[in-house]
Structures are given as structure tokens and as C-alpha cells.
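Peer 1: Below you'll find work-v9.cif; it's mmCIF, C-alpha atoms.
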data_structure
#
loop_
_atom_site.label_atom_id
_atom_site.label_comp_id
_atom_site.auth_asym_id
_atom_site.auth_seq_id
_atom_site.Cartn_x
_atom_site.Cartn_y
_atom_site.Cartn_z
CA MET A 24 150.58 100.22 -12.62
CA THR A 25 154.15 99.22 -13.38
CA ALA A 26 155.46 100.03 -16.83
CA ILE A 27 157.31 97.16 -18.50
CA VAL A 28 158.17 99.05 -21.66
CA GLU A 29 158.28 102.84 -21.71
CA THR A 30 159.16 104.98 -24.71
CA ARG A 31 159.61 108.75 -24.85
CA ALA A 32 159.62 110.56 -28.21
CA LEU A 33 161.19 107.41 -29.63
CA THR A 34 162.31 107.94 -33.22
CA LYS A 35 164.10 105.72 -35.73
CA ARG A 36 165.29 106.92 -39.13
CA TYR A 37 167.00 105.02 -41.92
CA GLY A 38 168.70 107.75 -43.92
CA ARG A 39 165.87 110.03 -44.98
CA ARG A 40 163.14 107.48 -44.31
CA THR A 41 161.43 107.71 -40.92
CA ALA A 42 160.37 104.29 -39.62
CA LEU A 43 159.07 105.46 -36.25
CA ALA A 44 158.40 109.06 -35.20
CA ASP A 45 157.97 110.63 -31.79
CA CYS A 46 156.50 107.52 -30.21
CA THR A 47 155.59 107.94 -26.54
CA LEU A 48 153.79 105.04 -24.91
CA THR A 49 153.67 102.71 -21.94
CA VAL A 50 153.16 98.96 -21.87
CA PRO A 51 151.66 98.10 -18.46
CA ALA A 52 152.68 94.92 -16.59
CA GLY A 53 150.72 91.72 -17.03
CA ARG A 54 148.91 92.82 -20.18
CA VAL A 55 148.67 91.24 -23.58
CA VAL A 56 149.20 94.17 -25.93
CA GLY A 57 148.18 94.13 -29.58
CA LEU A 58 150.16 96.20 -32.07
CA VAL A 59 148.15 96.88 -35.21
CA GLY A 60 148.78 98.93 -38.33
CA PRO A 61 149.46 98.65 -42.06
CA ASN A 62 152.72 97.31 -43.48
CA GLY A 63 155.52 99.83 -43.01
CA ALA A 64 153.73 101.56 -40.12
CA GLY A 65 156.65 100.94 -37.75
CA LYS A 66 155.45 97.84 -35.87
CA SER A 67 158.59 95.76 -36.46
CA THR A 68 160.79 98.76 -35.79
CA LEU A 69 159.10 99.37 -32.42
CA LEU A 70 159.46 95.70 -31.42
CA GLN A 71 163.10 95.58 -32.49
CA LEU A 72 163.86 98.79 -30.58
CA ALA A 73 162.22 97.26 -27.49
CA CYS A 74 164.37 94.13 -27.62
CA GLY A 75 167.58 96.01 -28.39
CA LEU A 76 168.13 94.77 -31.95
CA LEU A 77 167.93 98.39 -33.09
CA THR A 78 169.13 101.56 -31.40
CA PRO A 79 167.01 104.74 -31.48
CA THR A 80 167.95 107.71 -33.67
CA SER A 81 166.53 109.95 -30.94
CA GLY A 82 164.26 109.64 -27.91
CA ALA A 83 164.44 106.79 -25.44
CA VAL A 84 163.13 103.31 -24.81
CA GLU A 85 163.33 101.49 -21.47
CA VAL A 86 162.46 97.90 -20.60
CA PHE A 87 162.08 97.08 -16.88
CA GLY A 88 163.37 100.63 -16.27
CA ARG A 89 166.67 100.08 -18.12
CA PRO A 90 167.90 100.28 -21.71
CA PRO A 91 167.01 97.13 -23.70
CA ALA A 92 169.65 94.39 -23.90
CA ALA A 93 171.78 96.25 -21.32
CA ASP A 94 173.38 93.00 -20.11
CA SER A 95 172.78 89.25 -20.07
CA ALA A 96 170.48 89.44 -17.02
CA GLN A 97 168.28 91.91 -18.88
CA LEU A 98 168.34 89.76 -22.04
CA ALA A 99 167.22 86.70 -20.09
CA ARG A 100 163.99 88.47 -19.08
CA VAL A 101 162.89 89.18 -22.66
CA GLY A 102 161.72 86.70 -25.30
CA PHE A 103 161.52 87.74 -28.95
CA VAL A 104 159.98 85.86 -31.87
CA ALA A 105 160.91 87.64 -35.11
CA GLN A 106 158.68 87.87 -38.17
CA ASP A 107 158.09 84.56 -39.99
CA THR A 108 159.02 82.68 -36.77
CA PRO A 109 162.55 81.78 -37.92
CA THR A 110 164.22 78.49 -36.95
CA TYR A 111 167.43 76.78 -38.17
CA ALA A 112 166.33 74.68 -41.17
CA THR A 113 169.11 72.08 -40.90
CA LEU A 114 168.90 71.58 -37.13
CA THR A 115 166.46 69.08 -35.64
CA VAL A 116 163.75 69.93 -33.11
CA ALA A 117 165.93 68.34 -30.36
CA ASP A 118 168.93 70.44 -31.49
CA HIS A 119 166.84 73.58 -31.05
CA LEU A 120 165.96 72.58 -27.49
CA ARG A 121 169.61 71.78 -26.67
CA LEU A 122 170.61 75.15 -28.07
CA GLY A 123 167.92 76.84 -25.96
CA ALA A 124 169.16 75.05 -22.83
CA ARG A 125 172.79 76.09 -23.46
CA LEU A 126 172.02 79.73 -24.24
CA ASN A 127 169.41 80.57 -21.58
CA PRO A 128 170.13 80.67 -17.82
CA HIS A 129 166.49 80.09 -16.75
CA TRP A 130 165.69 77.44 -19.38
CA ASP A 131 162.67 75.32 -18.41
CA ALA A 132 163.52 71.97 -20.02
CA ALA A 133 160.45 70.24 -18.59
CA LEU A 134 158.16 72.84 -20.16
CA ALA A 135 159.94 72.63 -23.52
CA ASP A 136 159.75 68.80 -23.59
CA ARG A 137 156.11 68.79 -22.54
CA ARG A 138 155.15 71.28 -25.25
CA ILE A 139 156.99 69.36 -27.97
CA ARG A 140 155.16 66.18 -26.88
CA GLN A 141 151.78 67.95 -26.75
CA LEU A 142 152.36 69.33 -30.24
CA GLY A 143 153.25 65.86 -31.50
CA LEU A 144 156.57 67.06 -32.97
CA ASP A 145 159.22 64.43 -33.76
CA PRO A 146 162.44 65.50 -31.94
CA THR A 147 164.58 64.04 -34.75
CA GLN A 148 162.81 66.02 -37.48
CA ARG A 149 164.78 68.85 -39.11
CA ALA A 150 163.11 72.25 -38.66
CA GLY A 151 163.25 72.81 -42.43
CA ARG A 152 160.82 69.90 -42.91
CA LEU A 153 158.21 71.22 -40.46
CA SER A 154 154.96 72.84 -41.61
CA GLY A 155 154.52 76.59 -41.11
CA GLY A 156 152.32 76.00 -38.07
CA GLN A 157 154.77 73.53 -36.52
CA ARG A 158 157.69 75.90 -37.11
CA ALA A 159 155.76 78.75 -35.45
CA GLN A 160 154.99 76.48 -32.48
CA LEU A 161 158.69 75.48 -32.22
CA ALA A 162 159.74 79.15 -32.24
CA LEU A 163 157.13 79.90 -29.54
CA THR A 164 158.34 76.93 -27.46
CA LEU A 165 161.92 78.26 -27.57
CA ALA A 166 160.72 81.73 -26.54
CA VAL A 167 158.49 80.61 -23.64
CA ALA A 168 160.88 77.95 -22.28
CA LYS A 169 163.34 80.72 -21.43
CA ARG A 170 160.56 81.88 -19.04
CA PRO A 171 160.59 85.52 -20.14
CA GLU A 172 158.80 88.24 -18.19
CA LEU A 173 158.27 90.12 -21.46
CA LEU A 174 157.49 88.29 -24.69
CA LEU A 175 157.63 90.20 -28.00
CA LEU A 176 156.14 88.58 -31.11
CA ASP A 177 156.32 90.12 -34.60
CA GLU A 178 153.34 88.96 -36.72
CA PRO A 179 153.55 85.39 -35.43
CA VAL A 180 150.36 84.16 -37.11
CA ALA A 181 150.51 86.09 -40.39
CA ALA A 182 151.57 83.10 -42.50
CA LEU A 183 149.45 80.46 -40.74
CA ASP A 184 146.21 78.80 -41.87
CA PRO A 185 143.19 79.35 -39.57
CA LEU A 186 143.64 76.04 -37.72
CA ALA A 187 147.35 76.59 -37.05
CA ARG A 188 146.59 80.19 -36.09
CA ARG A 189 144.06 79.14 -33.47
CA ALA A 190 146.44 76.46 -32.12
CA PHE A 191 149.23 79.05 -31.85
CA LEU A 192 147.01 81.51 -29.97
CA GLN A 193 145.86 78.72 -27.63
CA SER A 194 149.51 77.93 -26.81
CA LEU A 195 150.26 81.61 -26.29
CA MET A 196 147.30 82.10 -23.92
CA GLU A 197 148.26 78.95 -22.02
CA PHE A 198 151.72 80.45 -21.49
CA VAL A 199 150.22 83.73 -20.27
CA ALA A 200 147.85 81.97 -17.85
CA GLU A 201 150.62 79.67 -16.57
CA SER A 202 153.34 82.25 -15.96
CA GLU A 203 153.59 82.88 -12.22
CA SER A 204 153.63 86.66 -12.07
CA GLN A 205 151.67 87.07 -15.25
CA ALA A 206 154.03 87.73 -18.16
CA THR A 207 153.61 90.76 -20.39
CA VAL A 208 153.15 90.07 -24.11
CA VAL A 209 153.32 92.43 -27.09
CA LEU A 210 152.28 90.98 -30.43
CA SER A 211 151.72 92.60 -33.79
CA SER A 212 149.05 91.39 -36.21
CA HIS A 213 146.78 92.51 -39.03
CA LEU A 214 143.93 90.40 -37.71
CA VAL A 215 141.89 92.58 -35.40
CA SER A 216 139.53 89.70 -34.54
CA ASP A 217 142.52 87.70 -33.23
CA LEU A 218 143.77 90.68 -31.25
CA GLU A 219 140.31 91.28 -29.75
CA ARG A 220 140.34 87.69 -28.50
CA VAL A 221 143.74 87.59 -26.89
CA CYS A 222 144.66 91.19 -26.06
CA ASP A 223 143.48 93.55 -23.35
CA HIS A 224 145.44 96.56 -24.58
CA LEU A 225 145.82 97.93 -28.10
CA ILE A 226 148.29 100.23 -29.86
CA VAL A 227 147.35 101.51 -33.33
CA LEU A 228 150.31 102.60 -35.44
CA ALA A 229 150.04 104.29 -38.83
CA ASP A 230 152.57 106.27 -40.85
CA SER A 231 155.20 105.68 -38.14
CA ARG A 232 153.05 107.36 -35.46
CA VAL A 233 150.87 106.15 -32.57
CA ARG A 234 147.22 106.85 -33.49
CA ALA A 235 145.48 105.26 -30.52
CA ASP A 236 146.70 103.51 -27.39
CA GLY A 237 144.75 102.10 -24.47
CA GLU A 238 142.83 99.29 -22.79
CA ILE A 239 140.51 97.72 -25.36
CA ASP A 240 137.46 98.05 -23.07
CA ASP A 241 138.18 101.79 -22.63
CA LEU A 242 138.69 102.29 -26.37
CA LEU A 243 135.38 100.55 -27.14
CA ALA A 244 133.56 102.57 -24.47
CA THR A 245 134.74 105.91 -25.90
CA HIS A 246 134.36 105.45 -29.67
CA PHE A 247 131.03 105.91 -31.46
CA ARG A 248 129.62 106.08 -34.96
CA LEU A 249 127.48 109.18 -35.42
CA THR A 250 125.17 109.40 -38.42
CA THR A 251 123.38 112.66 -39.16
CA ALA A 252 122.21 115.00 -41.91
CA ARG A 253 125.18 116.50 -43.70
CA ARG A 254 127.12 118.90 -41.48
CA ASP A 255 130.68 119.98 -40.86
CA ALA A 256 132.74 118.21 -38.24
CA ASP A 257 133.41 121.50 -36.40
CA THR A 258 129.67 121.97 -35.72
CA LEU A 259 129.66 118.92 -33.42
CA PRO A 260 129.61 119.63 -29.66
CA ALA A 261 132.87 120.24 -27.82
CA GLY A 262 134.06 117.06 -26.14
CA MET A 263 133.62 115.02 -29.30
CA ARG A 264 136.84 114.46 -31.20
CA VAL A 265 136.29 113.43 -34.80
CA VAL A 266 138.53 110.50 -35.77
CA HIS A 267 137.15 110.04 -39.25
CA ALA A 268 134.44 111.69 -41.35
CA GLU A 269 132.63 110.69 -44.51
CA HIS A 270 130.04 112.72 -46.38
CA THR A 271 127.49 112.18 -49.12
CA GLU A 272 125.36 115.04 -50.48
CA ARG A 273 122.83 114.49 -47.69
CA GLN A 274 124.49 112.47 -44.96
CA SER A 275 127.55 112.71 -42.73
CA THR A 276 129.01 109.73 -40.91
CA PHE A 277 131.57 110.41 -38.21
CA VAL A 278 133.62 108.15 -36.01
CA VAL A 279 134.06 110.21 -32.86
CA ARG A 280 135.81 109.85 -29.54
CA ALA A 281 133.72 110.98 -26.57
CA ASP A 282 133.32 110.07 -22.90
CA ALA A 283 129.77 108.85 -23.48
CA ALA A 284 127.07 108.75 -26.13
CA VAL A 285 125.09 111.99 -26.40
CA ASP A 286 121.37 111.77 -27.11
CA ASP A 287 120.16 114.16 -29.76
CA PRO A 288 117.09 113.77 -31.97
CA SER A 289 119.08 114.95 -35.00
CA TRP A 290 121.53 112.04 -35.00
CA VAL A 291 122.07 108.36 -34.28
CA MET A 292 125.08 107.62 -32.08
CA ASP A 293 126.00 103.97 -31.68
CA PRO A 294 128.93 102.05 -30.22
CA ILE A 295 131.49 100.79 -32.74
CA GLY A 296 133.30 97.46 -33.02
CA LEU A 297 137.06 97.13 -32.63
CA GLU A 298 137.72 96.42 -36.32
CA ASP A 299 135.89 99.60 -37.42
CA LEU A 300 137.55 101.56 -34.62
CA VAL A 301 141.00 100.54 -35.86
CA LEU A 302 140.06 101.24 -39.49
CA ALA A 303 138.79 104.72 -38.58
CA HIS A 304 142.16 105.58 -37.03
CA LEU A 305 144.06 104.15 -40.00
CA GLU A 306 141.86 106.00 -42.51
CA SER A 307 142.22 109.22 -40.55
CA SER A 308 146.00 108.92 -40.87
CA ALA A 309 145.61 108.30 -44.63
CA ASP A 310 143.44 111.48 -44.86
CA SER A 311 146.13 113.59 -43.27
CA ARG A 312 148.92 112.20 -45.44
CA PRO A 313 150.13 114.72 -48.04
CA ALA A 314 149.07 113.73 -51.55
CA LEU A 315 151.91 112.27 -53.57
CA GLU A 316 150.59 113.53 -56.88
CA PRO A 317 148.25 116.37 -57.69
CA GLN A 318 144.56 115.44 -57.56
CA ARG A 319 142.89 115.35 -60.94
CA MET B 58 131.61 71.04 -16.60
CA ILE B 59 130.70 73.43 -19.41
CA GLU B 60 132.64 74.63 -22.43
CA PHE B 61 132.90 78.23 -23.57
CA HIS B 62 133.12 79.72 -27.03
CA ILE B 63 133.64 83.24 -28.36
CA GLU B 64 131.91 84.74 -31.40
CA PRO B 65 134.05 87.67 -32.56
CA ARG B 66 131.46 89.07 -34.98
CA SER B 67 128.69 89.30 -32.37
CA GLY B 68 129.67 92.79 -31.21
CA VAL B 69 129.33 91.64 -27.58
CA ALA B 70 132.45 92.06 -25.43
CA PRO B 71 134.18 88.67 -24.98
CA TYR B 72 133.87 88.72 -21.18
CA LEU B 73 130.11 89.35 -21.46
CA GLN B 74 129.79 86.41 -23.84
CA LEU B 75 131.27 84.18 -21.13
CA VAL B 76 128.90 85.67 -18.53
CA HIS B 77 125.92 85.00 -20.80
CA GLN B 78 127.03 81.42 -21.38
CA VAL B 79 127.20 80.70 -17.65
CA ARG B 80 123.77 82.25 -17.11
CA GLN B 81 122.44 80.21 -20.02
CA ALA B 82 123.90 77.01 -18.57
CA LEU B 83 122.26 77.78 -15.21
CA ARG B 84 118.92 78.34 -16.91
CA LEU B 85 119.23 75.16 -18.94
CA GLY B 86 120.13 73.18 -15.85
CA LEU B 87 123.62 72.32 -17.18
CA LEU B 88 125.19 73.90 -14.10
CA HIS B 89 124.00 73.40 -10.53
CA GLN B 90 124.88 74.85 -7.14
CA GLY B 91 128.21 73.42 -6.02
CA ASP B 92 129.56 72.84 -9.54
CA ARG B 93 133.02 74.18 -10.27
CA LEU B 94 133.52 76.49 -13.25
CA PRO B 95 136.41 75.59 -15.59
CA LYS B 96 139.80 76.89 -14.40
CA VAL B 97 140.82 80.27 -15.82
CA LYS B 98 143.98 78.73 -17.27
CA ASP B 99 142.05 75.97 -19.02
CA VAL B 100 139.51 78.38 -20.53
CA ALA B 101 142.30 80.69 -21.76
CA ALA B 102 144.15 77.80 -23.41
CA LYS B 103 141.07 76.08 -24.85
CA VAL B 104 139.23 79.10 -26.20
CA ALA B 105 142.41 81.08 -27.03
CA ILE B 106 141.38 84.13 -25.03
CA ASN B 107 143.11 86.39 -22.58
CA PRO B 108 143.03 84.98 -19.01
CA ASN B 109 142.12 88.49 -17.78
CA THR B 110 138.92 88.26 -19.83
CA VAL B 111 137.98 85.03 -18.05
CA LEU B 112 138.79 86.59 -14.66
CA LYS B 113 136.65 89.60 -15.52
CA ALA B 114 133.72 87.35 -16.46
CA TYR B 115 134.04 85.34 -13.23
CA ARG B 116 134.19 88.57 -11.19
CA GLN B 117 131.04 89.83 -12.87
CA LEU B 118 129.27 86.53 -12.07
CA GLU B 119 130.48 86.86 -8.49
CA ASN B 120 129.00 90.39 -8.28
CA GLU B 121 125.72 88.96 -9.54
CA GLY B 122 125.84 86.47 -6.66
CA LEU B 123 125.92 83.47 -8.97
CA VAL B 124 129.39 82.14 -8.19
CA SER B 125 132.00 82.51 -5.50
CA PRO B 126 135.72 81.85 -5.58
CA LYS B 127 137.44 79.54 -3.10
CA PRO B 128 141.09 80.63 -3.11
CA GLY B 129 143.38 77.92 -4.43
CA VAL B 130 140.50 75.59 -5.30
CA GLY B 131 138.42 77.24 -7.97
CA THR B 132 135.22 79.15 -8.64
CA PHE B 133 131.97 77.48 -7.58
CA VAL B 134 128.35 78.00 -8.52
CA THR B 135 126.45 79.36 -5.52
CA GLY B 136 123.33 80.88 -7.06
CA THR B 137 120.45 79.68 -9.15
CA LEU B 138 118.82 81.24 -12.15
CA GLY B 139 115.49 79.86 -13.09
CA ASP B 140 112.73 81.55 -14.96
CA PRO B 141 109.46 81.43 -13.04
CA ALA B 142 107.74 78.10 -13.61
CA THR B 143 106.68 77.44 -17.19
CA SER B 144 103.07 77.57 -15.96
CA GLU B 145 103.59 81.35 -15.86
CA HIS B 146 104.41 81.33 -19.59
CA GLU B 147 100.93 80.43 -20.82
CA PRO B 148 99.00 83.52 -19.65
CA LEU B 149 101.81 85.72 -21.01
CA ARG B 150 101.64 83.93 -24.36
CA GLN B 151 97.86 84.55 -24.48
CA GLU B 152 98.40 88.25 -23.83
CA LEU B 153 101.07 88.44 -26.53
CA ARG B 154 98.74 86.73 -29.03
CA ARG B 155 96.02 89.28 -28.28
CA TRP B 156 98.55 92.11 -28.71
CA LEU B 157 99.77 90.66 -32.05
CA ALA B 158 96.18 90.42 -33.29
CA SER B 159 95.54 94.08 -32.49
CA ALA B 160 98.85 95.10 -34.16
CA ARG B 161 97.78 93.25 -37.35
CA ALA B 162 94.34 94.85 -37.12
CA ALA B 163 96.05 98.24 -36.93
CA GLY B 164 97.70 97.47 -40.30
CA LEU B 165 101.27 96.67 -39.16
CA ASP B 166 103.14 94.10 -41.25
CA GLN B 167 105.52 91.52 -39.82
CA GLU B 168 108.61 93.72 -40.15
CA SER B 169 106.99 96.69 -38.43
CA ILE B 170 105.75 94.48 -35.60
CA GLU B 171 109.25 93.07 -35.07
CA ALA B 172 110.83 96.53 -35.20
CA LEU B 173 108.29 97.92 -32.73
CA PHE B 174 108.85 95.03 -30.33
CA GLN B 175 112.67 95.22 -30.56
CA GLN B 176 112.68 98.99 -30.09
CA THR B 177 110.32 98.90 -27.10
CA PHE B 178 112.25 95.98 -25.60
CA ARG B 179 115.57 97.84 -25.92
CA THR B 180 114.31 101.11 -24.43
CA THR B 181 112.70 99.27 -21.52
CA VAL B 182 115.94 97.40 -20.81
CA GLU B 183 117.88 100.65 -20.94
CA GLU B 184 115.41 102.40 -18.61
CA GLU B 185 115.69 99.57 -16.09
CA ARG B 186 119.47 99.90 -15.92
#
Step by step, read the file and then write its structure as C-alpha cells.
Peer 2:
Amino acid sequence: MTAIVETRALTKRYGRRTALADCTLTVPAGRVVGLVGPNGAGKSTLLQLACGLLTPTSGAVEVFGRPPAADSAQLARVGFVAQDTPTYATLTVADHLRLGARLNPHWDAALADRRIRQLGLDPTQRAGRLSGGQRAQLALTLAVAKRPELLLLDEPVAALDPLARRAFLQSLMEFVAESESQATVVLSSHLVSDLERVCDHLIVLADSRVRADGEIDDLLATHFRLTTARRDADTLPAGMRVVHAEHTERQSTFVVRADAAVDDPSWVMDPIGLEDLVLAHLESSADSRPALEPQR
Amino acid sequence: MIEFHIEPRSGVAPYLQLVHQVRQALRLGLLHQGDRLPKVKDVAAKVAINPNTVLKAYRQLENEGLVSPKPGVGTFVTGTLGDPATSEHEPLRQELRRWLASARAAGLDQESIEALFQQTFRTTVEEER
């Protein structure tokens, strides 16, 4: 398994605020990786560190085994679509493609033209007059026509209506399926159902730390909801790691990580969906956060 | 040619949903031996799912002996999936009717009957695995 992006204890601070803390992870080649977490969790920071727009405060990040944006050859291998899929409002669609052709050594003009035709975009239209969905598709076209081996997308569908969102994800999956040695994609999103569709690997970030990281099939196979009469988490068998616990007077509900479900007449242990799995990790990080004001 | 869809709320892994849909199409007679399954690239782009998910589904179908890949050409249906002739259904239906009558006679209401059936069905499936 070749690592495309590798971080070791990667940390980014802005003054006293920590945006990303002690992040160690690997993005394997040929995967579509989902990055999920609440606002301010460090998703954008991680993506911007990976494409070289930011430099780490401490720790290290490597892309294709070298520092990000080391030289123009390295830059040509990485595509980045920033949050809100920015384009130049006063330039036309055709201007954007000309700009792409001038700035990128491996520019695939045929691909760019074909995509613009498929999308039904008017080349003479100014980008500022495009709809949100069309602008996102233009930004994606610019990123994929440079034929990147690694494509980073920061919340590309956040502002899109459901129809435009589906169209965008269709285009993205077409790019992944078409790329010769399958390209690696990292995209952040709040929409777990979208990520479950298009991703095979998931990274859960909360409070600037990595909470879970792995192949989605493995994550689903090792997370369970366990419902039982009220008991403390530390009375559960060894080998079960409690991700999140909730109690009423009589009942305890745990989300646990374990190699396999364990049969026991005193509890019900069922598989858990991806959305609940992600929420359990996010809630567990909220549990461990120090209270900002004294509890009343 | 068949078309796939994915239901995110179903709780069934996306690749298994594709496997089920191919099996369903074989049962319904929508796919026959020799038919080509849609190309991985086309499914990924149309359904907006990861191409690896499609590959995984096609591999699973291959392991079940239902399809086989021809490198560079595509994946072709090689197996058949038919329930035993519908003539077999009738005696089974009669037996089920008799069983339902005895469940009612034992005082079970509709919900309990459904729950009992579902539970027994699930445990039997799990035991057979």
C-alpha cells in the first residue's frame, strides 16, 4: 500500500489557537477519502497543509514522499478546489480554460472542452453569472483537466442544492473511474450519506484531532451499538472500547469498537450505520472537552 | 442492460446493494447468460458511487459464479438464478396457510406472528452461513 499523503504529529497553531493537533495519518493510493467533522475541527487546515498553502507549526506532512509544493513538478501532480469552489467572477468560462492551459504543464484541453460541453456551459458566459452548481462544476473541470494524481476538495458540495450535488458527485466519480492509474481524492463534507456513497476511506476529525481513521468497510465491521441494563462502561469485557455511552436510570446504550459482535443474553449488540458511527466519535470528543463554564 | 441505484438509508453496504440488484435482475429474467454488465466507469458516473464499490460487487458476483470478467471487454453473465418452478410454490403456500392457522389458534396476533417469522428466518439464515 503506497502512501500518497503521510502526516506525522502534524500540528498547526494560529497564535494561541490550535487548528490541528498531533495528527498522524496515511492516505493510501487510489482511494477516495472522506474528511468529516464539525466546523472548526481542522478539516480545511489539514487540506491546506497537504497542498502547501500552509506550513506546519510542528510535525511533518509529505505528499508523494516529499514536502508539499516543493517545486513545480510536485505542484502539477496535485489539484486543489478550495472551499466555496472559487472562480474569477469577471472572467468567462473560456478564459478560465485558457488560464488553465497556460498554467498547467499536463493540461488536458480535450477533457476540459468535453466536460464544458457535457455540462451545457456557455464558453462566453462570465463565471460571476453562473449558478452555484455550474461554478462548482467549472472549478472541478479546472482541477481535473490538470490531470492530478491527488485531488483535494474542501467542502465542494456544501452550498449546492441536492440536484447539483448529485451532478457534482457524478462528475467526480467519472474522473476517478477514468484516471489511468486511479487518482487519489480527499474531500471534506458534512454529509455522511454522500461520503458513504463515494468514499472508501474515512477520517473523522473533531477538536483538531483525528478520532477515527480507516477503510469504511472495516469501520462498519468493528463498530456496534450495545444496549443493556444500566451498567458502567468499565464492566464491559476487555477488547471492547467504548466510543460513546448514554445512560437512563435503567438502561445503558454504548457505541463500542470490537473485532466482532459478542453474544450475551444480557445485552443486544447490533451493527451501526456510518452516520451514527461518525456521530458517536464526534459526541465522544464533545464529552471529553473541558466545560467552558461551571455546570449548574 | 440494467440500471443500478443506491439507497443510503437502507443500512445495507452499497456494494451488496449492487449484488442484490444483479441477482434480482437474473431472477426477474432481465439479465440472461451472455449479457454484459454495465461498465464500472459508467456505473460510477451514473450512480455517483466509488468505482471500487462497483468492482467489489462484480468480484462478489464472480465468486458466486454468476458473472465472469473478460479482460478489456467487460463483465459477462455466466450463471443463472431461478427459483424452482412456480409449481413448487403451491404446496409450500398450503403448508404456510396451515401454520398461520395454528398460530392464530394459539392466540398470536398479526404482529407476534410477523415477529416470530422474522426472528426465525434471521436465525436460520445466520445458522446456514
Peer 1: Could you list, with a cut-off of 9 Å and counting all atoms listed in the file, the residues of chain B near chain A, each shown with its nearest atom pair and the distance in Å rounded to one decimal, rows sorted by chain and ascending number, as CSV?
Peer 2:
residue,atom,partner,partner_atom,distance
B:Ile63,CA,A:Arg220,CA,8.0
B:Pro65,CA,A:Ser216,CA,6.2
B:Arg66,CA,A:Ser216,CA,8.1
B:Gly68,CA,A:Gly296,CA,6.2
B:Val69,CA,A:Gly296,CA,8.9
B:Ala70,CA,A:Asp240,CA,8.2
B:Pro71,CA,A:Arg220,CA,7.2
B:Val97,CA,A:Ala200,CA,7.5
B:Lys98,CA,A:Ala200,CA,5.1
B:Asp99,CA,A:Glu197,CA,7.5
B:Val100,CA,A:Glu197,CA,8.9
B:Ala101,CA,A:Met196,CA,5.6
B:Ala102,CA,A:Glu197,CA,4.5
B:Lys103,CA,A:Gln193,CA,6.1
B:Val104,CA,A:Gln193,CA,6.8
B:Ala105,CA,A:Gln193,CA,4.2
B:Ile106,CA,A:Val221,CA,4.6
B:Asn107,CA,A:Val221,CA,4.5
B:Pro108,CA,A:Ala200,CA,5.8
B:Asn109,CA,A:Asp223,CA,7.6
B:Thr110,CA,A:Asp223,CA,7.8
Peer 1: Let me make sure I understand: among B:Leu94, B:Ala82, B:Ile59, B:Ala162, which one has the smallest atom-to-atom distance to B:Val134 if we use only C-alpha atoms?
Peer 2: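 Once distances to B:Val134 are computed over only C-alpha atoms, the minimum belongs to B:Leu94.
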Peer 1: One decimal, Å: what's the distance from atom CA of A:Lys66 over to atom CA of A:Ser95, could you say?
Peer 2: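 These atoms are spaced 25.0 Å apart.
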Peer 1: Specify as a list in words each residue included when the PyMOL selection byres ((chain A and resi 86) around 8) is applied to this file.
Peer 2: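 Checking the PyMOL selection byres ((chain A and resi 86) around 8) against this file, the residues are Ile27, Val28, Glu29, Ala73, Val84, Glu85, Phe87, Gly88, Arg89, Pro90 and Pro91 of chain A.
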Peer 1: Enter the distance from atom CA of A:His213 to atom CA of A:Gly102, in Å, rounded to one decimal.
Peer 2: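 Interatomic distance here is 21.1 Å.
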Peer 1: For A:Leu76, which residue among A:Val167, A:Ile139, A:Val116, A:Leu98 is the nearest when counting all atoms listed in the file?
Peer 2: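 Between A:Val167, A:Ile139, A:Val116, A:Leu98, the residue approaching A:Leu76 most closely is A:Leu98.
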